[in-house]
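Enquirer: Compact mmCIF, C-alpha atoms, saved as work-v6.txt, coming up:
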```txt
# COMPACT_ATOMS: atom_id res chain seq x y z
CA MET A 12 17.73 -40.32 208.53
CA SER A 13 18.85 -43.25 210.66
CA VAL A 14 22.00 -44.91 209.42
CA ASN A 15 22.64 -48.64 209.70
CA LEU A 16 25.91 -49.91 211.05
CA PRO A 17 28.31 -51.67 208.69
CA TYR A 18 28.62 -55.43 209.08
CA ALA A 19 31.61 -55.96 206.83
CA MET A 20 34.84 -54.25 205.91
CA THR A 21 36.84 -55.07 202.82
CA ALA A 22 40.47 -54.30 203.60
CA GLU A 23 42.38 -53.87 200.35
CA LEU A 24 45.91 -54.26 201.66
CA THR A 25 47.64 -53.66 198.34
CA HIS A 26 47.00 -53.22 194.64
CA ARG A 27 50.11 -55.25 193.83
CA CYS A 28 49.31 -58.63 192.28
CA PRO A 29 51.14 -61.24 190.21
CA LEU A 30 48.00 -61.68 188.08
CA HIS A 31 46.87 -59.34 185.31
CA CYS A 32 43.19 -60.26 184.96
CA PRO A 33 41.45 -57.97 182.44
CA TYR A 34 38.37 -57.60 184.69
CA CYS A 35 40.20 -56.73 187.92
CA SER A 36 38.09 -54.72 190.37
CA ASN A 37 41.06 -52.54 191.29
CA PRO A 38 41.07 -49.08 189.69
CA ILE A 39 42.86 -48.35 186.42
CA GLU A 40 45.35 -46.20 188.31
CA LEU A 41 46.92 -48.80 190.60
CA LEU A 42 48.52 -47.58 193.80
CA LYS A 43 52.20 -48.26 194.34
CA ARG A 44 53.72 -49.89 197.38
CA GLU A 45 54.94 -46.61 198.88
CA ASN A 46 51.33 -45.38 199.09
CA GLU A 47 50.15 -48.36 201.14
CA LEU A 48 49.07 -47.96 204.76
CA SER A 49 51.49 -49.17 207.43
CA ALA A 50 50.71 -52.15 209.65
CA ASP A 51 50.17 -49.77 212.58
CA THR A 52 47.55 -47.80 210.69
CA TRP A 53 45.77 -51.00 209.65
CA LEU A 54 45.76 -52.23 213.27
CA ASN A 55 44.15 -48.96 214.27
CA VAL A 56 41.60 -49.23 211.43
CA LEU A 57 40.65 -52.74 212.58
CA GLU A 58 40.03 -51.45 216.11
CA GLN A 59 37.94 -48.55 214.86
CA ALA A 60 35.99 -50.86 212.57
CA SER A 61 35.19 -53.23 215.41
CA GLU A 62 34.00 -50.31 217.60
CA LEU A 63 31.82 -49.10 214.74
CA GLY A 64 30.00 -52.43 214.39
CA VAL A 65 32.01 -54.27 211.73
CA VAL A 66 32.05 -57.99 212.53
CA GLN A 67 33.53 -59.42 209.37
CA VAL A 68 36.71 -58.43 207.58
CA HIS A 69 37.73 -59.50 204.09
CA PHE A 70 41.45 -59.11 203.53
CA THR A 71 42.03 -58.72 199.84
CA GLY A 72 44.08 -56.78 197.29
CA GLY A 73 45.63 -57.08 194.77
CA GLU A 74 47.25 -60.06 196.39
CA PRO A 75 47.14 -59.71 200.19
CA LEU A 76 49.79 -62.42 200.64
CA LEU A 77 52.32 -59.86 199.37
CA ARG A 78 52.00 -58.09 202.74
CA PRO A 79 54.35 -59.76 205.24
CA ASP A 80 52.27 -58.21 208.06
CA LEU A 81 49.11 -60.07 206.97
CA GLU A 82 49.33 -62.56 209.86
CA LEU A 83 49.71 -59.70 212.36
CA LEU A 84 46.53 -58.07 211.02
CA ILE A 85 44.61 -61.37 211.03
CA ARG A 86 45.65 -62.05 214.62
CA ARG A 87 44.41 -58.63 215.76
CA ALA A 88 41.15 -58.99 213.84
CA ARG A 89 40.48 -62.30 215.58
CA GLU A 90 41.33 -60.81 218.98
CA LEU A 91 38.67 -58.21 218.25
CA GLY A 92 36.17 -61.01 217.58
CA LEU A 93 35.92 -60.37 213.86
CA TYR A 94 35.26 -63.11 211.34
CA VAL A 95 38.30 -63.16 209.07
CA ASN A 96 38.15 -64.08 205.41
CA LEU A 97 41.15 -63.98 203.09
CA ILE A 98 40.64 -63.52 199.35
CA THR A 99 43.68 -64.64 197.39
CA SER A 100 44.96 -65.71 194.00
CA GLY A 101 46.89 -68.43 195.84
CA VAL A 102 50.05 -67.43 193.99
CA GLY A 103 53.04 -67.30 196.30
CA ILE A 104 51.42 -69.33 199.04
CA THR A 105 53.44 -72.11 200.68
CA GLU A 106 52.52 -74.89 203.06
CA GLN A 107 54.32 -72.91 205.77
CA ARG A 108 52.37 -69.72 204.99
CA VAL A 109 49.05 -71.57 205.16
CA ARG A 110 50.08 -72.87 208.59
CA GLN A 111 50.94 -69.33 209.73
CA LEU A 112 47.59 -68.00 208.48
CA VAL A 113 45.74 -70.74 210.35
CA GLU A 114 47.73 -70.04 213.51
CA ALA A 115 46.94 -66.35 213.18
CA GLY A 116 43.26 -67.29 213.12
CA VAL A 117 41.98 -66.95 209.56
CA ASP A 118 38.41 -68.35 209.39
CA SER A 119 38.14 -68.96 205.67
CA ILE A 120 40.21 -68.58 202.54
CA GLN A 121 38.63 -67.79 199.20
CA LEU A 122 40.77 -68.85 196.26
CA SER A 123 40.18 -67.47 192.78
CA VAL A 124 40.33 -69.55 189.64
CA GLN A 125 40.15 -68.22 186.08
CA ALA A 126 38.99 -71.24 184.03
CA SER A 127 38.91 -75.04 184.05
CA SER A 128 41.98 -75.68 181.89
CA PRO A 129 45.46 -74.37 182.72
CA GLU A 130 45.99 -72.97 179.21
CA LEU A 131 42.83 -70.86 179.19
CA ALA A 132 43.14 -69.88 182.85
CA ASP A 133 46.71 -68.68 182.42
CA SER A 134 45.91 -66.73 179.27
CA ILE A 135 43.11 -64.92 181.14
CA ALA A 136 45.30 -64.19 184.17
CA GLY A 137 48.27 -63.21 182.01
CA PHE A 138 50.40 -65.35 184.30
CA GLN A 139 51.12 -69.05 184.83
CA ALA A 140 49.04 -69.41 187.94
CA HIS A 141 46.66 -72.33 187.47
CA GLU A 142 48.88 -75.19 188.67
CA ARG A 143 50.00 -73.13 191.67
CA LYS A 144 46.35 -72.58 192.56
CA LYS A 145 45.74 -76.32 192.47
CA GLN A 146 48.61 -76.79 194.90
CA ALA A 147 47.32 -73.93 197.07
CA ALA A 148 43.89 -75.58 197.23
CA GLU A 149 45.49 -78.82 198.47
CA TRP A 150 47.42 -77.03 201.21
CA ILE A 151 44.40 -75.04 202.32
CA ARG A 152 42.29 -78.18 202.62
CA ALA A 153 45.07 -80.12 204.33
CA SER A 154 45.22 -77.37 206.96
CA GLY A 155 41.64 -78.16 207.94
CA LEU A 156 40.16 -74.92 206.58
CA ASP A 157 37.09 -74.94 204.38
CA LEU A 158 38.06 -74.08 200.82
CA HIS A 159 36.00 -71.34 199.20
CA MET A 160 36.51 -70.47 195.56
CA ASN A 161 35.43 -67.82 193.08
CA VAL A 162 35.53 -67.37 189.34
CA VAL A 163 34.65 -64.39 187.19
CA LEU A 164 32.59 -65.45 184.16
CA HIS A 165 32.92 -63.72 180.80
CA ARG A 166 32.97 -64.48 177.09
CA ALA A 167 36.18 -66.53 177.13
CA ASN A 168 35.21 -68.94 179.93
CA ILE A 169 31.43 -68.90 180.40
CA HIS A 170 30.93 -71.80 177.99
CA ARG A 171 33.00 -73.88 180.42
CA VAL A 172 30.94 -73.14 183.51
CA GLU A 173 30.00 -76.77 184.10
CA GLU A 174 33.64 -77.86 183.88
CA ILE A 175 34.67 -75.02 186.20
CA ILE A 176 32.18 -76.25 188.81
CA GLU A 177 33.49 -79.83 188.36
CA LEU A 178 37.05 -78.60 188.83
CA CYS A 179 36.20 -76.72 192.03
CA ALA A 180 34.36 -79.79 193.36
CA GLU A 181 37.40 -81.91 192.54
CA TRP A 182 39.70 -79.44 194.33
CA GLY A 183 37.44 -79.78 197.38
CA ALA A 184 35.67 -76.41 197.51
CA VAL A 185 32.62 -76.16 199.76
CA ARG A 186 31.52 -72.84 198.32
CA LEU A 187 31.87 -71.35 194.87
CA GLU A 188 30.96 -67.88 193.70
CA LEU A 189 30.21 -67.79 189.99
CA ALA A 190 30.37 -64.08 189.35
CA ASN A 191 29.38 -62.85 185.94
CA ALA A 192 31.71 -59.96 185.19
CA GLN A 193 30.51 -56.53 186.28
CA TYR A 194 31.73 -53.75 184.04
CA TYR A 195 33.75 -51.13 185.91
CA GLY A 196 37.38 -50.07 185.65
CA TRP A 197 39.42 -52.74 183.88
CA ALA A 198 36.38 -54.78 182.91
CA LEU A 199 34.72 -51.78 181.28
CA GLN A 200 37.93 -51.09 179.40
CA ASN A 201 37.74 -54.68 178.09
CA VAL A 202 33.97 -54.94 177.77
CA HIS A 203 34.08 -55.59 174.01
CA LEU A 204 36.22 -58.66 174.76
CA LEU A 205 34.48 -59.84 177.93
CA LEU A 206 30.72 -59.34 177.51
CA PRO A 207 29.11 -62.66 176.57
CA SER A 208 26.21 -62.90 174.14
CA LYS A 209 22.67 -63.48 175.36
CA GLU A 210 22.83 -66.96 173.85
CA GLN A 211 26.03 -67.76 175.77
CA ILE A 212 24.35 -66.68 178.99
CA GLN A 213 21.31 -68.84 178.36
CA ILE A 214 23.46 -71.89 177.64
CA ALA A 215 25.53 -71.17 180.75
CA GLU A 216 22.44 -70.84 182.93
CA ALA A 217 21.24 -74.26 181.75
CA ALA A 218 24.70 -75.72 182.44
CA TYR A 219 24.68 -74.10 185.88
CA ALA A 220 21.29 -75.65 186.63
CA ARG A 221 22.62 -79.11 185.62
CA ALA A 222 25.73 -78.68 187.76
CA HIS A 223 23.55 -77.50 190.64
CA GLU A 224 21.67 -80.81 190.45
CA ARG A 225 24.92 -82.79 190.46
CA PHE A 226 26.99 -80.84 192.99
CA GLY A 227 24.49 -78.71 194.93
CA HIS A 228 24.63 -81.00 197.97
CA GLN A 229 28.42 -80.87 198.03
CA ILE A 230 29.18 -77.23 197.15
CA GLU A 231 27.23 -74.11 197.95
CA LEU A 232 26.93 -72.43 194.54
CA LEU A 233 26.26 -68.72 194.14
CA TRP A 234 25.33 -67.28 190.76
CA ILE A 235 25.92 -63.55 190.42
CA LEU A 236 23.75 -62.21 187.62
CA PRO A 237 25.05 -60.63 184.43
CA ASP A 238 23.23 -57.34 184.98
CA TYR A 239 23.55 -56.03 181.40
CA TYR A 240 20.97 -58.65 180.42
CA GLU A 241 18.51 -57.81 183.17
CA ASP A 242 15.54 -55.43 182.87
CA PHE A 243 16.14 -53.91 186.29
CA PRO A 244 19.35 -53.05 188.13
CA LYS A 245 20.90 -54.97 190.99
CA PRO A 246 20.37 -53.65 194.55
CA CYS A 247 24.05 -52.80 194.54
CA MET A 248 25.83 -53.30 197.89
CA GLY A 249 22.44 -53.40 199.61
CA GLY A 250 22.38 -49.64 199.12
CA TRP A 251 25.08 -46.96 199.29
CA GLY A 252 26.74 -46.92 202.72
CA GLN A 253 24.25 -49.37 204.21
CA VAL A 254 25.97 -52.66 205.08
CA SER A 255 29.67 -52.50 204.30
CA LEU A 256 32.67 -50.36 203.53
CA THR A 257 36.01 -50.73 201.79
CA VAL A 258 39.34 -49.32 202.85
CA ALA A 259 41.67 -48.85 199.85
CA PRO A 260 45.43 -49.53 200.15
CA ASP A 261 46.14 -45.82 200.65
CA GLY A 262 43.51 -45.43 203.39
CA ARG A 263 40.64 -43.90 201.42
CA VAL A 264 37.31 -45.22 202.66
CA LEU A 265 34.86 -46.23 199.94
CA PRO A 266 31.28 -47.56 199.95
CA CYS A 267 32.47 -50.36 197.64
CA THR A 268 35.66 -51.53 195.98
CA VAL A 269 35.04 -49.70 192.71
CA SER A 270 33.51 -46.44 193.90
CA SER A 271 36.73 -44.48 193.50
CA ASP A 272 35.64 -44.51 189.81
CA ILE A 273 33.13 -41.80 190.77
CA ARG A 274 35.27 -38.74 190.05
CA SER A 275 32.56 -36.32 191.14
CA LEU A 276 33.00 -37.42 194.78
CA SER A 277 36.00 -37.11 197.03
CA PHE A 278 36.58 -39.83 199.59
CA GLU A 279 37.90 -39.35 203.10
CA ASN A 280 41.04 -41.07 204.37
CA VAL A 281 41.59 -42.97 207.65
CA LYS A 282 44.86 -41.09 207.99
CA GLU A 283 42.87 -37.88 208.48
CA ARG A 284 39.47 -38.87 209.85
CA ASP A 285 37.92 -41.39 212.22
CA LEU A 286 36.22 -44.31 210.55
CA ALA A 287 33.01 -43.67 212.52
CA TRP A 288 32.85 -40.06 211.32
CA ILE A 289 33.45 -41.18 207.74
CA TRP A 290 30.67 -43.78 207.97
CA HIS A 291 28.10 -41.59 209.74
CA ASP A 292 28.86 -38.03 208.70
CA SER A 293 31.07 -37.76 205.62
CA PRO A 294 29.58 -36.19 202.48
CA SER A 295 30.68 -39.16 200.35
CA PHE A 296 28.92 -41.80 202.49
CA ASN A 297 25.79 -39.67 202.78
CA ALA A 298 25.67 -38.71 199.11
CA TYR A 299 23.32 -41.53 198.04
CA ARG A 300 21.66 -42.66 201.23
CA GLY A 301 17.88 -42.46 201.40
CA TYR A 302 15.84 -41.15 198.46
CA GLU A 303 16.36 -37.39 198.44
CA TRP A 304 19.19 -37.51 195.94
CA MET A 305 17.18 -39.43 193.35
CA ALA A 306 16.04 -38.04 190.02
CA GLU A 307 13.28 -39.45 187.83
CA PRO A 308 12.56 -42.19 186.89
CA CYS A 309 13.79 -43.43 190.31
CA LYS A 310 12.27 -40.73 192.51
CA SER A 311 8.66 -41.81 192.02
CA CYS A 312 9.40 -45.45 191.20
CA GLU A 313 7.82 -48.21 193.26
CA ARG A 314 11.00 -50.29 192.83
CA ARG A 315 13.23 -47.71 194.52
CA GLU A 316 13.12 -49.58 197.83
CA LEU A 317 14.07 -52.82 196.10
CA ASP A 318 17.07 -51.66 194.11
CA HIS A 319 17.89 -48.16 195.48
CA GLY A 320 18.17 -46.98 191.87
CA GLY A 321 20.85 -49.60 191.15
CA CYS A 322 24.57 -49.02 191.12
CA ARG A 323 25.94 -45.47 191.54
CA CYS A 324 29.25 -46.38 189.93
CA GLN A 325 27.57 -47.80 186.85
CA ALA A 326 25.37 -44.68 186.61
CA PHE A 327 28.44 -42.43 186.77
CA LEU A 328 30.54 -44.46 184.33
CA LEU A 329 27.84 -44.72 181.67
CA THR A 330 25.96 -41.43 182.08
CA GLY A 331 28.46 -39.09 183.75
CA ASP A 332 25.96 -38.51 186.58
CA ALA A 333 26.23 -40.67 189.68
CA SER A 334 22.70 -39.73 190.78
CA ALA A 335 21.08 -40.94 187.55
CA ALA A 336 19.17 -44.22 187.38
CA ASP A 337 21.45 -47.19 186.77
CA PRO A 338 21.28 -47.48 182.95
CA VAL A 339 20.58 -51.21 183.28
CA CYS A 340 17.02 -50.17 184.17
CA LYS A 341 14.68 -50.45 181.22
CA TRP A 342 13.10 -47.15 182.32
CA SER A 343 16.44 -45.30 182.30
CA PRO A 344 16.75 -42.72 179.51
CA HIS A 345 20.34 -44.00 179.17
CA ARG A 346 19.44 -47.68 178.65
CA GLY A 347 20.76 -47.14 175.11
CA ALA A 348 24.34 -47.14 176.42
CA ILE A 349 23.90 -50.76 177.53
CA ALA A 350 21.75 -51.73 174.55
CA GLU A 351 24.49 -50.52 172.24
CA MET A 352 27.14 -52.74 173.87
CA VAL A 353 24.82 -55.74 173.99
CA GLY A 354 23.73 -55.11 170.39
CA SER A 355 27.30 -54.89 169.19
CA ILE A 356 27.99 -58.35 170.66
CA ALA A 357 24.77 -59.78 169.15
CA ASN A 358 25.92 -58.55 165.73
CA GLY A 359 29.10 -60.57 166.05
CA ASN A 360 31.36 -57.56 166.56
CA GLY A 361 32.93 -58.84 169.73
CA ASP A 362 36.41 -60.30 169.46
CA VAL A 363 36.87 -63.88 170.54
CA GLY A 364 39.77 -65.12 172.63
CA THR A 365 42.15 -63.49 175.03
CA SER A 366 44.90 -62.15 172.77
CA ASN A 367 43.68 -58.54 172.65
CA TYR A 368 43.02 -57.99 176.34
CA SER A 369 44.11 -54.79 177.96
CA TYR A 370 45.67 -56.61 180.92
CA ARG A 371 45.60 -55.02 184.33
CA GLY A 372 48.93 -53.50 185.34
CA ARG A 373 50.68 -54.00 181.99
CA MET B 22 6.84 -84.06 215.73
CA SER B 23 10.47 -83.22 215.22
CA SER B 24 13.12 -85.69 214.12
CA LEU B 25 15.60 -84.38 216.70
CA ALA B 26 16.17 -86.59 219.73
CA LEU B 27 16.72 -84.83 223.06
CA SER B 28 19.95 -86.75 223.50
CA GLU B 29 21.59 -85.12 220.47
CA LEU B 30 24.64 -82.88 220.97
CA PRO B 31 24.30 -79.85 218.70
CA ARG B 32 27.20 -77.56 217.99
CA LEU B 33 27.81 -74.60 215.69
CA ARG B 34 28.90 -75.67 212.26
CA GLY B 35 32.49 -74.50 211.64
CA PRO B 36 33.72 -71.96 210.82
CA GLY B 37 30.54 -70.26 212.08
CA ARG B 38 30.89 -68.40 215.36
CA MET B 39 28.73 -66.49 217.84
CA LYS B 40 29.52 -62.90 218.80
CA TYR B 41 27.82 -60.48 221.13
CA ASP B 42 28.02 -57.16 219.32
CA LYS B 43 28.25 -54.16 221.61
CA ALA B 44 27.49 -51.68 218.83
CA ARG B 45 24.12 -53.32 218.05
CA GLN B 46 23.55 -54.76 221.54
CA SER B 47 22.62 -58.04 219.93
CA ASP B 48 23.86 -61.58 219.42
CA LEU B 49 25.19 -62.25 215.94
CA LEU B 50 25.96 -65.50 214.18
CA LEU B 51 29.02 -64.99 211.99
CA LEU B 52 29.11 -67.25 208.97
CA PRO B 53 31.30 -67.21 205.86
CA GLU B 54 30.17 -64.17 203.83
CA ARG B 55 27.08 -63.80 206.01
CA VAL B 56 26.03 -62.32 209.33
CA VAL B 57 22.76 -63.24 211.03
CA GLN B 58 21.38 -60.84 213.61
CA LEU B 59 19.63 -63.01 216.19
CA ASN B 60 16.72 -62.26 218.47
CA GLU B 61 17.28 -62.88 222.17
CA ALA B 62 15.81 -66.39 222.21
CA ALA B 63 17.73 -67.56 219.16
CA GLY B 64 20.94 -66.15 220.58
CA ALA B 65 20.37 -67.80 223.96
CA ILE B 66 19.88 -71.20 222.32
CA LEU B 67 22.83 -70.95 219.94
CA TRP B 68 25.26 -69.89 222.68
CA LEU B 69 24.54 -73.29 224.28
CA CYS B 70 25.29 -75.28 221.11
CA ASP B 71 28.80 -76.27 222.16
CA GLY B 72 28.80 -79.98 221.34
CA HIS B 73 28.87 -80.86 225.05
CA ARG B 74 25.29 -80.16 226.10
CA THR B 75 22.44 -82.41 225.04
CA ILE B 76 19.27 -80.76 223.80
CA ALA B 77 17.60 -81.94 227.01
CA GLN B 78 20.25 -80.15 229.10
CA MET B 79 19.87 -77.01 227.01
CA ILE B 80 16.12 -76.99 227.64
CA VAL B 81 16.64 -77.32 231.40
CA GLU B 82 19.13 -74.43 231.40
CA LEU B 83 16.92 -72.19 229.30
CA GLU B 84 13.81 -72.92 231.34
CA SER B 85 15.68 -72.09 234.50
CA LYS B 86 17.20 -68.93 232.98
CA TYR B 87 13.84 -67.59 231.79
CA GLY B 88 11.71 -69.02 234.64
CA GLN B 89 9.54 -71.05 232.26
CA SER B 90 8.60 -74.71 232.05
CA ASP B 91 7.34 -75.21 228.51
CA LEU B 92 10.25 -74.33 226.22
CA ARG B 93 10.86 -77.81 224.86
CA GLU B 94 8.85 -77.45 221.68
CA ASP B 95 10.21 -73.97 220.86
CA VAL B 96 13.82 -75.04 221.41
CA VAL B 97 13.50 -78.22 219.35
CA ASP B 98 11.69 -76.39 216.54
CA PHE B 99 14.37 -73.70 216.46
CA LEU B 100 17.21 -76.26 216.46
CA ASP B 101 15.45 -78.12 213.66
CA SER B 102 15.39 -74.99 211.52
CA ALA B 103 18.98 -74.10 212.48
CA LEU B 104 20.05 -77.57 211.35
CA GLU B 105 18.14 -77.11 208.11
CA LYS B 106 19.87 -73.76 207.50
CA GLY B 107 23.28 -75.28 208.14
CA TRP B 108 24.02 -73.15 211.22
CA ILE B 109 24.53 -76.17 213.48
CA GLU B 110 25.48 -79.81 213.17
CA LEU B 111 25.06 -82.83 215.44
CA CYS B 112 28.12 -84.37 217.06
CA ARG B 113 28.67 -88.01 216.21
```
Would it be possible to restate this file's structure as structure tokens?
Expert:
Amino acid sequence: MSVNLPYAMTAELTHRCPLHCPYCSNPIELLKRENELSADTWLNVLEQASELGVVQVHFTGGEPLLRPDLELLIRRARELGLYVNLITSGVGITEQRVRQLVEAGVDSIQLSVQASSPELADSIAGFQAHERKKQAAEWIRASGLDLHMNVVLHRANIHRVEEIIELCAEWGAVRLELANAQYYGWALQNVHLLLPSKEQIQIAEAAYARAHERFGHQIELLWILPDYYEDFPKPCMGGWGQVSLTVAPDGRVLPCTVSSDIRSLSFENVKERDLAWIWHDSPSFNAYRGYEWMAEPCKSCERRELDHGGCRCQAFLLTGDASAADPVCKWSPHRGAIAEMVGSIANGNGDVGTSNYSYRGR
Amino acid sequence: MSSLALSELPRLRGPGRMKYDKARQSDLLLLPERVVQLNEAAGAILWLCDGHRTIAQMIVELESKYGQSDLREDVVDFLDSALEKGWIELCR
């Protein structure tokens, strides 16, 4: 089997974060500072990644600004010719720090926002962050960088999607990712509080279409589908170990940011193995490449080349078997697991509001 | 007929950047959240989009580089589509 080379690396510098979002993509068991890779190890990882074919690095966390060596890593990544994106909550940023990041060579900064009003946003984040984000957006724009933004959509904010787009336009974003929550880790723990109803989604899609008319020329808008309401699974990550990789704060190398959820696999660490070996030869990266690993209904399915059987993490979390069809698929024998959650919401059993969240890191 | 005048000065739209990738032995256009693997012709044209060369100058250089004399239409068509995709912009 020929293996593609990875285009992108997500470098999770830390799990530490001032925010406590209930849908965080970090694992439930957050790594502590003493487990984080040193700057020297990260510099070495960047070099190996560049050799391997990575051309784009996303520095994220947790909150990557908490690493004082961030600028050092950005500078090295740029020297290696990588495109450098920084994904941040914006909390803790200063005008001076923005200047340092620009001098180090960051290409773009993606700022998260939780909602359109400070009250709702802060109750989702579990932290008074919204006004600081507004200030961060101003500094980023004033530095001459394009402002990119993202928001995770769920039951408590999806009815405000049009206002969220207006807010991001007002703050000067040129790109906005509207990501319907995907249910892993923290989000799965809070799914009964986060999953919107079908009706909410339909209203939001109409609002998105209106906002696209109004702001589409000014902001690039990306709508990431709520997969629980689809008939077929998403082609997750463009396939397992096909286009990108993630390095966790402790050095474990993962096919995506949430795949450490798959307890049936063990993941190799950059402290022990070369990145190229991990990408090309490790059991974890080869586990779900190609089609040999598939079971029915995927194995003989004509859609298998479109969606690769969907998401391995979702299959593991909802069926206990990472090689099963993604239960989003209407042909999955486990579709009932999703139907049950969706049905429970439709019957009005979902809580409203943010007061019962199981906040990340609390 | 294309709308692009030969006197225009195209340049890559920031923060997009060109990179020759040794691992793939191919020119890549690096864009926010996106990487475009370019064929040889597309790469050769985009490397010249520096905001200092006119389209006419680019055509002369490319024709000389590839020993051809009829690249004008191909180059202008490609630049038109690159402009449409937001890869390049025209200097004012």
Enquirer: Select all residues from chain B having any atom no more than 10 Å from an atom of chain A (counting all atoms listed in the file, ignoring ligands), output as a list in words.
Expert: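 Taken together, these residues fit the definition: Gly35, Pro36, Gly37, Arg38, Met39, Lys40, Tyr41, Asp42, Lys43, Ala44, Arg45, Gln46, Leu49, Leu50, Leu51, Leu52, Pro53, Glu54, Arg55, Val56 and Val57 of chain B.
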Enquirer: Which residue, B:Ile80, B:Arg34, B:Gly72, B:Ser47, has the smallest gap to Phe99 (chain B) when you use only C-alpha atoms?
Expert: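 The shortest atom-to-atom distance to Phe99 (chain B) comes from B:Ile80.
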Enquirer: Between CA of Glu47 (chain A) and CA of Pro260 (chain A), what distance in Å does the model show, to one decimal?
Expert: 5.0 Å
Enquirer: Using all atoms listed in the file and a cutoff of 10 Å, can you tell me which residues are near (29.5, -34.4, 202.4) in the file's coordinates, and write them out as a list in words?
Expert: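 With a cut-off of 10 Å, the residues come to Leu276, Ser277, Phe278, Glu279, Ile289, Asp292, Ser293, Pro294, Ser295, Phe296, Asn297 and Ala298 of chain A.
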Enquirer: List every protein, DNA or RNA residue that has an atom no more than 6 Å from (20.8, -66.8, 222.6) in the file's coordinate frame, counting only C-alpha atoms, and report them as a PyMOL selection string.
Expert: chain B and resi 61-68
Enquirer: State, in Å with one decimal place, the distance from CA of Ile356 (chain A) to CA of Ser36 (chain A).
Expert: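 CA of Ser36 (chain A) lies at a distance of 22.4 Å from CA of Ile356 (chain A).
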Enquirer: Mind working out the centre and edge lengths of an axis-aligned box for region 91-106 of chain B, all listed atoms inside, 6 Å added to each side, rounded to one decimal in Å and written as AutoDock Vina command-line options?
Expert:
```
--center_x 13.7 --center_y -76.0 --center_z 218.0 --size_x 24.7 --size_y 16.5 --size_z 33.0
```
Enquirer: Given the choices A:Glu90, A:Glu210, A:Glu224, A:Glu58, which gets closest to Gly359 (chain A) if the distance is worked out from all atoms listed in the file?
Expert: A:Glu210
Enquirer: Distance CA of Arg371 (chain A)-CA of Val109 (chain A), one decimal place?
Expert: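 Atom-to-atom, CA of Arg371 (chain A) to CA of Val109 (chain A), that is 26.8 Å.
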Enquirer: Can you pull out the residues contacting region 136-142 of chain A? Cut-off 10 Å, using all atoms listed in the file, and skip same-chain residues under 6 positions away; I want them as an MDAnalysis selection string.
Expert: chainID A and resid 29:35 100:103 123:130 148 365:366 368 370:371 373
Enquirer: Nearest to Glu94 (chain B): which of B:Leu25, B:Leu111, B:Cys70, B:Leu33 is it, counting all atoms listed in the file?
Expert: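 Using all atoms listed in the file, the shortest distance to Glu94 (chain B) belongs to B:Leu25.
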Enquirer: Show me, as number ranges by chain, the residues that have an atom within 7 Å of Trp251 (chain A) when counting only C-alpha atoms, minus same-chain residues fewer than 6 positions from it.
Expert: A: 266, 299-300
